[in-house]
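Coordinates as given in run-v7.pdb (PDB, C-alpha atoms, pLDDT in the B column):
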```
ATOM      1  CA  MET E 286     109.494  13.306-105.336  1.00 85.00           C
ATOM      2  CA  VAL E 287     112.108  14.598-107.790  1.00 92.00           C
ATOM      3  CA  LYS E 288     111.501  18.251-108.589  1.00 96.00           C
ATOM      4  CA  LEU E 289     114.844  19.026-110.246  1.00 97.00           C
ATOM      5  CA  SER E 290     117.075  16.975-112.549  1.00 97.00           C
ATOM      6  CA  ILE E 291     120.588  18.313-113.073  1.00 96.00           C
ATOM      7  CA  VAL E 292     122.169  17.080-116.313  1.00 96.00           C
ATOM      8  CA  ILE E 293     125.973  17.238-116.538  1.00 93.00           C
ATOM      9  CA  PRO E 294     127.541  16.246-119.869  1.00 90.00           C
ATOM     10  CA  TYR E 295     131.037  15.077-118.936  1.00 81.00           C
ATOM     11  CA  TYR E 296     134.157  14.726-121.069  1.00 74.00           C
ATOM     12  CA  GLU E 297     137.698  14.728-119.614  1.00 72.00           C
ATOM     13  CA  THR E 298     137.210  17.314-116.860  1.00 72.00           C
ATOM     14  CA  TYR E 299     137.232  14.991-113.852  1.00 77.00           C
ATOM     15  CA  GLU E 300     138.626  17.331-111.171  1.00 81.00           C
ATOM     16  CA  MET E 301     136.246  20.156-112.109  1.00 84.00           C
ATOM     17  CA  THR E 302     133.249  17.844-112.368  1.00 81.00           C
ATOM     18  CA  LYS E 303     134.054  16.203-109.053  1.00 83.00           C
ATOM     19  CA  LYS E 304     133.970  19.659-107.397  1.00 88.00           C
ATOM     20  CA  ILE E 305     130.511  20.261-108.878  1.00 89.00           C
ATOM     21  CA  LEU E 306     129.320  16.882-107.583  1.00 85.00           C
ATOM     22  CA  ASP E 307     130.784  17.425-104.138  1.00 85.00           C
ATOM     23  CA  ASN E 308     128.998  20.796-103.979  1.00 87.00           C
ATOM     24  CA  LEU E 309     125.679  19.343-105.208  1.00 88.00           C
ATOM     25  CA  LEU E 310     125.797  16.457-102.756  1.00 83.00           C
ATOM     26  CA  LEU E 311     126.079  18.895 -99.841  1.00 83.00           C
ATOM     27  CA  GLN E 312     122.774  20.489-100.826  1.00 80.00           C
ATOM     28  CA  ARG E 313     119.165  19.274-100.528  1.00 73.00           C
ATOM     29  CA  LYS E 314     119.278  15.826-102.072  1.00 75.00           C
ATOM     30  CA  ASP E 315     115.779  14.559-101.420  1.00 85.00           C
ATOM     31  CA  GLU E 316     114.110  16.574-104.201  1.00 92.00           C
ATOM     32  CA  MET E 317     116.786  16.485-106.876  1.00 93.00           C
ATOM     33  CA  GLU E 318     118.722  14.010-108.972  1.00 94.00           C
ATOM     34  CA  ILE E 319     122.060  14.341-110.716  1.00 92.00           C
ATOM     35  CA  ILE E 320     122.580  12.797-114.145  1.00 92.00           C
ATOM     36  CA  ILE E 321     126.169  12.563-115.370  1.00 89.00           C
ATOM     37  CA  VAL E 322     126.531  11.643-119.024  1.00 86.00           C
ATOM     38  CA  ASP E 323     130.077  10.297-119.402  1.00 75.00           C
ATOM     39  CA  ASP E 324     130.751  10.898-123.075  1.00 60.00           C
ATOM     40  CA  TYR E 325     133.607   8.446-123.477  1.00 63.00           C
ATOM     41  CA  CYS E 326     132.983   5.757-120.876  1.00 61.00           C
ATOM     42  CA  LYS E 327     135.855   6.651-118.574  1.00 58.00           C
ATOM     43  CA  LYS E 328     134.034   5.029-115.626  1.00 62.00           C
ATOM     44  CA  GLU E 329     135.357   7.740-113.310  1.00 59.00           C
ATOM     45  CA  PHE E 330     132.072   8.308-111.492  1.00 58.00           C
ATOM     46  CA  HIS E 331     131.169   4.775-110.429  1.00 57.00           C
ATOM     47  CA  ASN E 332     131.833   5.637-106.777  1.00 57.00           C
ATOM     48  CA  PHE E 333     129.015   8.205-106.983  1.00 56.00           C
ATOM     49  CA  ILE E 334     126.447   5.723-108.327  1.00 55.00           C
ATOM     50  CA  ILE E 335     125.942   4.273-104.858  1.00 49.00           C
ATOM     51  CA  LYS E 336     124.269   7.523-103.851  1.00 60.00           C
ATOM     52  CA  ASP E 337     120.613   7.090-104.741  1.00 62.00           C
ATOM     53  CA  ASN E 338     120.203  10.452-106.437  1.00 81.00           C
ATOM     54  CA  VAL E 339     123.127  10.113-108.890  1.00 83.00           C
ATOM     55  CA  LYS E 340     122.709   8.408-112.240  1.00 86.00           C
ATOM     56  CA  VAL E 341     125.536   7.808-114.694  1.00 81.00           C
ATOM     57  CA  ILE E 342     125.068   7.189-118.414  1.00 76.00           C
ATOM     58  CA  GLU E 343     128.163   5.975-120.260  1.00 72.00           C
ATOM     59  CA  HIS E 344     128.765   6.397-123.985  1.00 59.00           C
ATOM     60  CA  GLU E 345     131.220   3.968-125.575  1.00 62.00           C
ATOM     61  CA  THR E 346     132.442   6.672-127.973  1.00 65.00           C
ATOM     62  CA  ASN E 347     132.519  10.469-127.877  1.00 69.00           C
ATOM     63  CA  THR E 348     129.095  11.450-129.237  1.00 73.00           C
ATOM     64  CA  GLY E 349     129.109  15.151-128.370  1.00 82.00           C
ATOM     65  CA  VAL E 350     127.357  17.450-125.926  1.00 87.00           C
ATOM     66  CA  SER E 351     124.019  17.479-127.789  1.00 92.00           C
ATOM     67  CA  LYS E 352     123.544  13.704-127.578  1.00 90.00           C
ATOM     68  CA  SER E 353     124.751  13.742-123.979  1.00 90.00           C
ATOM     69  CA  ARG E 354     122.153  16.357-123.009  1.00 94.00           C
ATOM     70  CA  ASN E 355     119.395  14.518-124.912  1.00 95.00           C
ATOM     71  CA  ASP E 356     120.243  11.266-123.128  1.00 94.00           C
ATOM     72  CA  GLY E 357     120.092  13.066-119.783  1.00 95.00           C
ATOM     73  CA  ILE E 358     116.732  14.647-120.637  1.00 97.00           C
ATOM     74  CA  GLU E 359     115.353  11.261-121.643  1.00 96.00           C
ATOM     75  CA  ILE E 360     115.915   9.628-118.246  1.00 94.00           C
ATOM     76  CA  ALA E 361     115.298  12.745-116.125  1.00 96.00           C
ATOM     77  CA  GLU E 362     112.493  12.324-113.608  1.00 95.00           C
ATOM     78  CA  GLY E 363     112.333  15.933-112.417  1.00 96.00           C
ATOM     79  CA  LYS E 364     109.617  18.417-113.255  1.00 97.00           C
ATOM     80  CA  TYR E 365     112.406  20.870-114.135  1.00 98.00           C
ATOM     81  CA  ILE E 366     115.784  20.323-115.770  1.00 98.00           C
ATOM     82  CA  ALA E 367     118.993  22.268-115.181  1.00 98.00           C
ATOM     83  CA  PHE E 368     122.123  21.894-117.295  1.00 97.00           C
ATOM     84  CA  VAL E 369     125.591  22.298-115.789  1.00 96.00           C
ATOM     85  CA  ASP E 370     128.699  22.205-117.977  1.00 93.00           C
ATOM     86  CA  SER E 371     131.355  19.964-116.473  1.00 89.00           C
ATOM     87  CA  ASP E 372     134.054  22.667-116.475  1.00 91.00           C
ATOM     88  CA  ASP E 373     131.961  25.373-114.785  1.00 94.00           C
ATOM     89  CA  MET E 374     130.892  25.862-111.156  1.00 94.00           C
ATOM     90  CA  ILE E 375     127.748  26.525-109.181  1.00 95.00           C
ATOM     91  CA  MET E 376     127.046  28.619-106.127  1.00 95.00           C
ATOM     92  CA  PRO E 377     126.864  26.759-102.783  1.00 93.00           C
ATOM     93  CA  ASP E 378     123.096  27.446-102.575  1.00 94.00           C
ATOM     94  CA  TYR E 379     122.356  26.570-106.239  1.00 96.00           C
ATOM     95  CA  VAL E 380     120.007  23.656-105.529  1.00 95.00           C
ATOM     96  CA  ASP E 381     118.268  25.324-102.584  1.00 94.00           C
ATOM     97  CA  ARG E 382     117.531  28.460-104.595  1.00 96.00           C
ATOM     98  CA  LEU E 383     116.315  26.469-107.623  1.00 97.00           C
ATOM     99  CA  LEU E 384     114.026  24.326-105.470  1.00 96.00           C
ATOM    100  CA  GLU E 385     112.706  27.504-103.864  1.00 96.00           C
ATOM    101  CA  LEU E 386     111.907  28.863-107.338  1.00 96.00           C
ATOM    102  CA  ILE E 387     110.157  25.634-108.288  1.00 97.00           C
ATOM    103  CA  ASP E 388     108.066  25.830-105.113  1.00 96.00           C
ATOM    104  CA  THR E 389     107.090  29.490-105.528  1.00 97.00           C
ATOM    105  CA  GLN E 390     106.915  30.034-109.304  1.00 96.00           C
ATOM    106  CA  ASN E 391     105.330  27.977-112.038  1.00 89.00           C
ATOM    107  CA  GLU E 392     106.960  29.388-115.149  1.00 97.00           C
ATOM    108  CA  ASP E 393     108.260  27.299-118.037  1.00 98.00           C
ATOM    109  CA  VAL E 394     111.709  28.899-117.922  1.00 97.00           C
ATOM    110  CA  MET E 395     113.333  30.482-114.867  1.00 97.00           C
ATOM    111  CA  ILE E 396     116.435  32.517-115.654  1.00 97.00           C
ATOM    112  CA  PHE E 397     119.083  33.563-113.123  1.00 97.00           C
ATOM    113  CA  ASN E 398     122.277  35.630-113.141  1.00 96.00           C
ATOM    114  CA  TRP E 399     125.735  34.204-113.660  1.00 95.00           C
ATOM    115  CA  LEU E 400     129.296  35.229-112.928  1.00 94.00           C
ATOM    116  CA  ASP E 401     132.154  34.941-115.418  1.00 93.00           C
ATOM    117  CA  ILE E 402     134.987  33.740-113.190  1.00 90.00           C
ATOM    118  CA  ASN E 403     137.709  34.962-115.558  1.00 89.00           C
ATOM    119  CA  THR E 404     136.421  38.538-115.921  1.00 90.00           C
ATOM    120  CA  ASN E 405     134.586  38.773-112.578  1.00 92.00           C
ATOM    121  CA  GLU E 406     131.620  40.175-114.510  1.00 93.00           C
ATOM    122  CA  VAL E 407     128.089  39.463-113.324  1.00 94.00           C
ATOM    123  CA  ASN E 408     125.604  38.971-116.133  1.00 93.00           C
ATOM    124  CA  ARG E 409     122.133  40.133-115.135  1.00 92.00           C
ATOM    125  CA  ARG E 410     119.049  39.243-117.152  1.00 82.00           C
ATOM    126  CA  PRO E 411     121.302  37.226-119.437  1.00 78.00           C
ATOM    127  CA  GLN E 412     120.300  37.274-123.081  1.00 82.00           C
ATOM    128  CA  ASN E 413     122.932  34.806-124.226  1.00 84.00           C
ATOM    129  CA  CYS E 414     121.894  31.392-125.501  1.00 86.00           C
ATOM    130  CA  ALA E 415     123.734  29.272-122.919  1.00 92.00           C
ATOM    131  CA  VAL E 416     121.408  26.573-121.577  1.00 95.00           C
ATOM    132  CA  TRP E 417     122.921  26.684-118.090  1.00 96.00           C
ATOM    133  CA  LYS E 418     121.547  30.186-117.346  1.00 96.00           C
ATOM    134  CA  ALA E 419     118.094  28.817-116.457  1.00 97.00           C
ATOM    135  CA  ILE E 420     115.990  25.849-115.478  1.00 98.00           C
ATOM    136  CA  TYR E 421     113.295  24.504-117.783  1.00 98.00           C
ATOM    137  CA  LYS E 422     110.074  22.546-117.381  1.00 98.00           C
ATOM    138  CA  LYS E 423     110.836  19.146-118.823  1.00 97.00           C
ATOM    139  CA  ASP E 424     107.600  18.930-120.755  1.00 96.00           C
ATOM    140  CA  ILE E 425     108.278  22.050-122.862  1.00 96.00           C
ATOM    141  CA  ILE E 426     111.922  21.643-123.846  1.00 95.00           C
ATOM    142  CA  PRO E 427     112.996  20.555-127.328  1.00 96.00           C
ATOM    143  CA  LYS E 428     115.713  18.045-128.196  1.00 96.00           C
ATOM    144  CA  PHE E 429     119.210  19.228-129.051  1.00 96.00           C
ATOM    145  CA  ASP E 430     120.366  18.791-132.652  1.00 94.00           C
ATOM    146  CA  GLU E 431     122.841  15.912-132.323  1.00 92.00           C
ATOM    147  CA  LYS E 432     124.621  16.856-135.554  1.00 90.00           C
ATOM    148  CA  LEU E 433     125.876  20.042-133.881  1.00 84.00           C
ATOM    149  CA  ARG E 434     129.075  20.025-131.837  1.00 78.00           C
ATOM    150  CA  VAL E 435     129.212  23.791-131.233  1.00 81.00           C
ATOM    151  CA  ARG E 436     126.516  26.503-131.010  1.00 84.00           C
ATOM    152  CA  GLU E 437     123.980  23.810-130.194  1.00 90.00           C
ATOM    153  CA  ASP E 438     122.686  26.072-127.386  1.00 91.00           C
ATOM    154  CA  TYR E 439     121.817  28.807-129.891  1.00 92.00           C
ATOM    155  CA  PHE E 440     119.644  26.607-132.096  1.00 94.00           C
ATOM    156  CA  TRP E 441     118.091  24.877-129.075  1.00 95.00           C
ATOM    157  CA  GLN E 442     117.091  28.276-127.630  1.00 94.00           C
ATOM    158  CA  LYS E 443     115.522  29.239-130.969  1.00 94.00           C
ATOM    159  CA  ASP E 444     113.456  26.030-130.927  1.00 95.00           C
ATOM    160  CA  LEU E 445     112.439  26.731-127.332  1.00 96.00           C
ATOM    161  CA  GLU E 446     111.388  30.316-128.142  1.00 94.00           C
ATOM    162  CA  GLN E 447     109.033  29.013-130.841  1.00 95.00           C
ATOM    163  CA  ARG E 448     107.109  27.218-128.078  1.00 96.00           C
ATOM    164  CA  ASP E 449     106.410  30.618-126.487  1.00 96.00           C
ATOM    165  CA  PRO E 450     107.336  29.635-122.909  1.00 97.00           C
ATOM    166  CA  SER E 451     106.473  31.723-119.886  1.00 97.00           C
ATOM    167  CA  VAL E 452     109.618  33.183-118.299  1.00 96.00           C
ATOM    168  CA  TYR E 453     110.557  34.292-114.794  1.00 97.00           C
ATOM    169  CA  TYR E 454     113.726  36.238-113.961  1.00 97.00           C
ATOM    170  CA  TYR E 455     115.445  35.617-110.614  1.00 96.00           C
ATOM    171  CA  ASP E 456     117.902  38.414-109.763  1.00 96.00           C
ATOM    172  CA  ARG E 457     120.570  36.323-108.100  1.00 96.00           C
ATOM    173  CA  VAL E 458     123.881  34.770-109.213  1.00 97.00           C
ATOM    174  CA  LEU E 459     123.588  30.984-109.146  1.00 97.00           C
ATOM    175  CA  TYR E 460     126.055  29.858-111.833  1.00 96.00           C
ATOM    176  CA  ILE E 461     129.778  30.471-112.362  1.00 95.00           C
ATOM    177  CA  TYR E 462     130.937  30.324-115.963  1.00 94.00           C
ATOM    178  CA  ASN E 463     134.541  29.337-116.677  1.00 90.00           C
ATOM    179  CA  SER E 464     134.982  31.340-119.880  1.00 80.00           C
ATOM    180  CA  GLY E 465     137.941  30.738-122.113  1.00 71.00           C
ATOM    181  CA  ARG E 466     139.189  27.519-120.493  1.00 54.00           C
ATOM    182  CA  GLU E 467     141.868  26.066-122.746  1.00 55.00           C
ATOM    183  CA  GLY E 468     140.583  22.803-124.168  1.00 49.00           C
ATOM    184  CA  SER E 469     136.888  23.721-123.920  1.00 43.00           C
ATOM    185  CA  LEU E 470     134.726  23.522-127.040  1.00 45.00           C
ATOM    186  CA  TRP E 471     134.539  27.324-127.152  1.00 41.00           C
ATOM    187  CA  TRP E 472     138.303  27.651-126.839  1.00 36.00           C
ATOM    188  CA  ASN E 473     138.983  25.010-129.482  1.00 39.00           C
ATOM    189  CA  GLU E 474     136.620  26.691-131.965  1.00 42.00           C
ATOM    190  CA  THR E 475     138.011  30.207-131.443  1.00 38.00           C
ATOM    191  CA  HIS E 476     141.688  29.148-131.564  1.00 33.00           C
ATOM    192  CA  LYS E 477     141.733  27.131-134.780  1.00 43.00           C
TER     193      LYS E 477
END
```

Mind turning the file's structure into C-alpha coordinates?
Amino acid sequence: MVKLSIVIPYYETYEMTKKILDNLLLQRKDEMEIIIVDDYCKKEFHNFIIKDNVKVIEHETNTGVSKSRNDGIEIAEGKYIAFVDSDDMIMPDYVDRLLELIDTQNEDVMIFNWLDINTNEVNRRPQNCAVWKAIYKKDIIPKFDEKLRVREDYFWQKDLEQRDPSVYYYDRVLYIYNSGREGSLWWNETHK
(Lines of atoms letter the chains of each structure in order from A and count residues from 1; the text may use other names and numbers.)
(Lines give C-alpha, C1' and ligand atoms only; values in the text may rest on other atoms or scores of the structure.)
Protein backbone atom coordinates (compact mmCIF):
# COMPACT_ATOMS: atom_id res chain seq x y z
CA MET A 1 0.00 0.00 0.00
CA VAL A 2 1.35 3.43 -0.97
CA LYS A 3 1.33 5.76 2.01
CA LEU A 4 3.55 8.51 0.58
CA SER A 5 3.84 9.98 -2.91
CA ILE A 6 6.88 12.17 -3.55
CA VAL A 7 6.37 14.61 -6.42
CA ILE A 8 9.52 16.04 -8.05
CA PRO A 9 9.01 18.67 -10.75
CA TYR A 10 12.13 18.39 -12.91
CA TYR A 11 13.66 20.88 -15.34
CA GLU A 12 17.35 20.79 -16.37
CA THR A 13 18.88 19.77 -13.03
CA TYR A 14 19.77 16.17 -13.86
CA GLU A 15 22.80 15.66 -11.58
CA MET A 16 21.02 17.14 -8.55
CA THR A 17 17.80 15.24 -9.23
CA LYS A 18 19.67 11.98 -9.74
CA LYS A 19 21.23 12.41 -6.26
CA ILE A 20 17.74 12.85 -4.78
CA LEU A 21 16.54 9.71 -6.57
CA ASP A 22 19.55 7.67 -5.52
CA ASN A 23 18.93 8.74 -1.91
CA LEU A 24 15.19 7.96 -2.09
CA LEU A 25 15.77 4.54 -3.63
CA LEU A 26 17.98 3.55 -0.70
CA GLN A 27 15.10 4.15 1.71
CA ARG A 28 11.91 2.18 2.40
CA LYS A 29 10.43 1.68 -1.04
CA ASP A 30 7.48 -0.57 -0.31
CA GLU A 31 5.23 2.19 1.07
CA MET A 32 6.19 5.10 -1.14
CA GLU A 33 6.23 6.10 -4.78
CA ILE A 34 8.30 8.69 -6.61
CA ILE A 35 6.73 10.80 -9.34
CA ILE A 36 9.12 12.75 -11.55
CA VAL A 37 7.46 15.32 -13.79
CA ASP A 38 9.95 16.01 -16.59
CA ASP A 39 8.91 19.47 -17.72
CA TYR A 40 10.54 19.40 -21.14
CA CYS A 41 10.60 15.74 -22.13
CA LYS A 42 14.34 15.24 -21.83
CA LYS A 43 13.82 11.49 -21.30
CA GLU A 44 16.70 11.43 -18.81
CA PHE A 45 14.93 9.26 -16.24
CA HIS A 46 13.82 6.32 -18.37
CA ASN A 47 16.34 4.04 -16.63
CA PHE A 48 14.48 4.66 -13.36
CA ILE A 49 11.07 3.68 -14.76
CA ILE A 50 11.95 0.00 -14.48
CA LYS A 51 11.80 0.35 -10.71
CA ASP A 52 8.18 -0.27 -9.78
CA ASN A 53 7.83 2.69 -7.45
CA VAL A 54 9.05 5.37 -9.89
CA LYS A 55 6.69 7.05 -12.32
CA VAL A 56 7.76 9.57 -14.94
CA ILE A 57 5.44 12.09 -16.59
CA GLU A 58 6.88 13.89 -19.62
CA HIS A 59 5.71 17.27 -20.88
CA GLU A 60 6.44 18.05 -24.53
CA THR A 61 6.98 21.73 -23.71
CA ASN A 62 8.00 23.63 -20.58
CA THR A 63 4.70 24.18 -18.76
CA GLY A 64 6.01 25.40 -15.41
CA VAL A 65 6.26 24.09 -11.87
CA SER A 66 2.55 24.57 -11.05
CA LYS A 67 1.34 22.32 -13.87
CA SER A 68 4.09 19.82 -13.07
CA ARG A 69 2.99 19.60 -9.43
CA ASN A 70 -0.69 19.33 -10.42
CA ASP A 71 0.09 16.49 -12.82
CA GLY A 72 2.00 14.69 -10.07
CA ILE A 73 -0.87 15.16 -7.60
CA GLU A 74 -3.33 13.80 -10.15
CA ILE A 75 -1.63 10.41 -10.51
CA ALA A 76 -0.39 10.13 -6.91
CA GLU A 77 -1.65 7.04 -5.11
CA GLY A 78 -0.35 7.89 -1.64
CA LYS A 79 -2.45 9.01 1.29
CA TYR A 80 0.08 11.83 1.77
CA ILE A 81 2.02 13.89 -0.76
CA ALA A 82 5.48 15.40 -0.35
CA PHE A 83 7.03 17.86 -2.80
CA VAL A 84 10.77 17.93 -3.44
CA ASP A 85 12.33 20.58 -5.67
CA SER A 86 14.75 19.03 -8.14
CA ASP A 87 17.69 21.25 -7.10
CA ASP A 88 17.38 20.65 -3.35
CA MET A 89 18.32 17.67 -1.16
CA ILE A 90 16.77 15.47 1.48
CA MET A 91 18.14 13.89 4.61
CA PRO A 92 19.14 10.20 4.37
CA ASP A 93 16.22 9.23 6.66
CA TYR A 94 13.63 11.49 4.94
CA VAL A 95 11.28 8.70 3.83
CA ASP A 96 11.62 6.67 7.03
CA ARG A 97 10.80 9.67 9.21
CA LEU A 98 7.84 10.70 7.01
CA LEU A 99 6.42 7.17 7.03
CA GLU A 100 6.84 7.11 10.80
CA LEU A 101 4.83 10.35 11.02
CA ILE A 102 2.12 8.91 8.78
CA ASP A 103 1.92 5.83 11.01
CA THR A 104 1.78 7.75 14.30
CA GLN A 105 -0.04 11.00 13.46
CA ASN A 106 -3.18 11.65 11.48
CA GLU A 107 -2.95 15.36 10.80
CA ASP A 108 -3.74 17.00 7.46
CA VAL A 109 -0.38 18.79 7.31
CA MET A 110 2.83 17.65 9.00
CA ILE A 111 5.56 20.28 9.03
CA PHE A 112 9.26 19.60 9.64
CA ASN A 113 12.45 21.65 9.94
CA TRP A 114 14.78 22.39 7.06
CA LEU A 115 18.39 23.42 6.60
CA ASP A 116 19.54 26.15 4.21
CA ILE A 117 22.71 24.61 2.79
CA ASN A 118 24.17 27.97 1.74
CA THR A 119 23.77 29.71 5.12
CA ASN A 120 23.88 26.59 7.32
CA GLU A 121 20.79 27.95 9.08
CA VAL A 122 18.20 25.55 10.47
CA ASN A 123 14.64 26.79 10.14
CA ARG A 124 12.46 25.53 12.98
CA ARG A 125 8.68 25.74 12.88
CA PRO A 126 9.00 27.22 9.40
CA GLN A 127 6.43 29.86 8.57
CA ASN A 128 7.51 30.31 4.97
CA CYS A 129 5.20 29.25 2.15
CA ALA A 130 7.48 26.66 0.53
CA VAL A 131 5.50 23.48 -0.18
CA TRP A 132 8.48 21.21 0.51
CA LYS A 133 8.51 22.00 4.26
CA ALA A 134 5.69 19.52 4.97
CA ILE A 135 3.67 16.57 3.80
CA TYR A 136 -0.04 16.90 3.05
CA LYS A 137 -3.04 14.58 3.00
CA LYS A 138 -3.90 14.22 -0.66
CA ASP A 139 -7.61 14.66 -0.11
CA ILE A 140 -7.29 18.17 1.40
CA ILE A 141 -4.78 19.86 -0.89
CA PRO A 142 -5.80 22.42 -3.52
CA LYS A 143 -4.52 22.65 -7.09
CA PHE A 144 -1.69 25.01 -7.96
CA ASP A 145 -2.54 28.02 -10.13
CA GLU A 146 -0.99 27.04 -13.46
CA LYS A 147 -0.80 30.66 -14.64
CA LEU A 148 1.83 31.34 -11.96
CA ARG A 149 5.50 30.67 -12.64
CA VAL A 150 6.82 32.17 -9.38
CA ARG A 151 5.30 32.56 -5.89
CA GLU A 152 2.90 29.75 -6.70
CA ASP A 153 3.69 28.27 -3.25
CA TYR A 154 2.42 31.41 -1.53
CA PHE A 155 -1.00 31.38 -3.18
CA TRP A 156 -1.29 27.60 -2.83
CA GLN A 157 -0.62 27.88 0.93
CA LYS A 158 -3.31 30.57 1.20
CA ASP A 159 -5.81 28.26 -0.52
CA LEU A 160 -4.78 25.43 1.81
CA GLU A 161 -5.19 27.60 4.92
CA GLN A 162 -8.79 28.37 3.91
CA ARG A 163 -9.53 24.65 4.28
CA ASP A 164 -8.54 24.91 7.95
CA PRO A 165 -6.28 21.82 8.03
CA SER A 166 -5.07 20.21 11.22
CA VAL A 167 -1.30 20.65 11.62
CA TYR A 168 1.44 18.70 13.38
CA TYR A 169 4.98 20.01 13.89
CA TYR A 170 7.88 17.53 13.84
CA ASP A 171 11.04 19.04 15.37
CA ARG A 172 13.58 17.45 13.08
CA VAL A 173 15.47 18.56 9.94
CA LEU A 174 14.35 16.46 6.98
CA TYR A 175 14.88 18.79 4.00
CA ILE A 176 17.92 20.67 2.68
CA TYR A 177 17.14 23.83 0.75
CA ASN A 178 19.61 25.00 -1.90
CA SER A 179 18.93 28.73 -1.60
CA GLY A 180 20.22 31.11 -4.20
CA ARG A 181 21.27 28.54 -6.81
CA GLU A 182 22.11 30.42 -10.00
CA GLY A 183 19.56 29.48 -12.63
CA SER A 184 16.78 28.63 -10.17
CA LEU A 185 13.41 30.36 -10.51
CA TRP A 186 14.12 32.35 -7.34
CA TRP A 187 17.52 33.42 -8.61
CA ASN A 188 16.20 34.38 -12.04
CA GLU A 189 13.42 36.52 -10.51
CA THR A 190 15.69 38.33 -8.04
CA HIS A 191 18.49 39.01 -10.57
CA LYS A 192 16.50 40.56 -13.41

Inset, instruction - Rank E:Lys340, E:Arg354, E:Arg448, E:Lys364 by their smallest atom-to-atom distance to E:Lys428, using all atoms listed in the file, and report the top residue only. - result: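 Using all atoms listed in the file, the shortest distance to E:Lys428 belongs to E:Arg354.
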
Legend entry - Chain and number of each residue from the PyMOL selection byres ((chain E and resi 431) around 9), as a PyMOL selection string: chain E and resi 348-353+355+428-430+432-434+437

Inset, instruction - Decode the PyMOL selection byres ((chain E and resi 443) around 12) for the given file into explicit residues and return them as a list in words. - result: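 That expression, the PyMOL selection byres ((chain E and resi 443) around 12), corresponds here to Asn413, Cys414, Ala415, Val416, Ile426, Pro427, Lys428, Phe429, Asp430, Arg436, Glu437, Asp438, Tyr439, Phe440, Trp441, Gln442, Asp444, Leu445, Glu446, Gln447, Arg448, Asp449 and Pro450 of chain E.
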
Inset, instruction - To one decimal in Å, tell me the separation between atom CA of E:Ile291 and atom CA of E:Thr389. - result: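 So the answer is 19.1 Å.
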
Inset, instruction - Would you kindly return, as a PyMOL selection string, each protein, DNA or RNA residue with an atom no farther than 7 Å from any atom of E:Ile461, considering all atoms listed in the file and excluding same-chain residues fewer than 6 positions away? - result: chain E and resi 373-375+399-402

Inset, instruction - Could you please determine the separation between atom CA of E:Gln412 and atom CA of E:Lys288 in Å, to one decimal place? - result: 25.5 Å

Inset, instruction - Name the closest residue to E:Ala361 among the candidates E:Thr298, E:Asn405, E:Asn463, E:Ser290; distances are taken between atoms, counting all atoms listed in the file. - result: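 The answer is E:Ser290, which sits nearest to E:Ala361.
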
Legend entry - Separation of atom CA of E:Val407 from atom CA of E:Ser464, in Å and rounded to one decimal: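 Taking atom CA of E:Val407 as the start and atom CA of E:Ser464 as the end point, the length is 12.5 Å.
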